[in-house]
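Okay, start.csv now, which holds CSV, C-alpha atoms:
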```csv
chain,number,residue,atom,x,y,z
D,10,MET,CA,20.6,-2.3,21.7
D,11,THR,CA,20.8,-0.2,18.6
D,12,PRO,CA,19.4,3.3,18.9
D,13,THR,CA,16.3,4.2,16.9
D,14,PRO,CA,17.0,6.8,14.2
D,15,ARG,CA,15.3,10.2,14.5
D,16,GLY,CA,13.2,11.7,11.8
D,17,PRO,CA,10.7,10.3,9.3
D,18,ARG,CA,11.0,6.6,8.3
D,19,LEU,CA,11.5,6.1,4.6
D,20,GLY,CA,11.1,3.1,2.5
D,21,GLU,CA,13.6,1.9,0.0
D,22,SER,CA,12.0,4.1,-2.7
D,23,GLY,CA,12.4,7.1,-0.4
D,24,LEU,CA,8.7,7.5,0.3
D,25,PRO,CA,7.7,8.1,3.9
D,26,ILE,CA,6.3,5.3,6.0
D,27,ASP,CA,3.7,6.1,8.6
D,28,PRO,CA,4.0,4.2,12.0
D,29,VAL,CA,0.3,3.2,11.9
D,30,TYR,CA,-2.2,3.0,9.0
D,31,GLY,CA,-5.9,3.1,9.9
D,32,PRO,CA,-9.2,3.6,8.0
D,33,GLU,CA,-8.6,7.3,7.7
D,34,SER,CA,-5.5,6.5,5.6
D,35,LEU,CA,-7.8,5.0,2.9
D,36,ALA,CA,-10.6,7.6,3.0
D,37,ASP,CA,-10.2,8.6,-0.7
D,38,TRP,CA,-9.2,5.1,-1.9
D,39,ASP,CA,-11.8,3.3,-4.0
D,40,PRO,CA,-11.0,-0.5,-4.3
D,41,ALA,CA,-13.3,-1.0,-7.3
D,42,GLU,CA,-11.3,1.7,-9.2
D,43,ARG,CA,-7.8,1.0,-7.9
D,44,LEU,CA,-7.6,-2.7,-7.2
D,45,GLY,CA,-9.3,-4.2,-10.2
D,46,GLU,CA,-10.9,-7.7,-10.6
D,47,PRO,CA,-8.9,-10.9,-10.1
D,48,GLY,CA,-7.3,-12.0,-13.4
D,49,THR,CA,-7.4,-8.6,-15.0
D,50,TYR,CA,-4.8,-5.9,-15.4
D,51,PRO,CA,-3.0,-4.6,-13.3
D,52,PHE,CA,-2.9,-8.1,-11.8
D,53,THR,CA,-2.9,-6.8,-8.2
D,54,ARG,CA,-4.7,-10.0,-7.1
D,55,GLY,CA,-2.8,-12.5,-9.4
D,56,VAL,CA,-3.1,-13.4,-13.0
D,57,TYR,CA,-5.8,-16.0,-12.6
D,58,PRO,CA,-9.4,-15.1,-11.7
D,59,SER,CA,-9.7,-18.1,-9.3
```
Can you give me the file's structure in the form of structure tokens?
Amino acid sequence: MTPTPRGPRLGESGLPIDPVYGPESLADWDPAERLGEPGTYPFTRGVYPS
């Protein structure tokens, strides 16, 4: 079995990855402001509204 590395986990971009994400992780996140509507920029839900 491979040993687990010590220290914070980092993604490929070098940003830290938490072991668990819960509701408190999104306390200041507003989906209406950040996610957008389907079919509109920034296309986080696809390029088509349906």
Shell around D:Pro28 at 12 Å using all atoms listed in the file, local window under 3 positions removed, as a list of chain:residue names:
D:Gly16, D:Pro17, D:Arg18, D:Leu19, D:Gly20, D:Pro25, D:Gly31, D:Ser34
Which distance in Å separates atom CA of D:Leu44 and atom CA of D:Glu21, to one decimal?
22.9 Å
Just checking: using only C-alpha atoms, which residue out of D:Arg15, D:Val29, D:Thr53, D:Leu24 ends up closest to D:Ala41?
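The shortest atom-to-atom distance to D:Ala41 comes from D:Thr53.
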Two-atom distance - atom CA of D:Ser59, atom CA of D:Pro40 (Å)
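Between atom CA of D:Ser59 and atom CA of D:Pro40 the gap works out to 18.3 Å.
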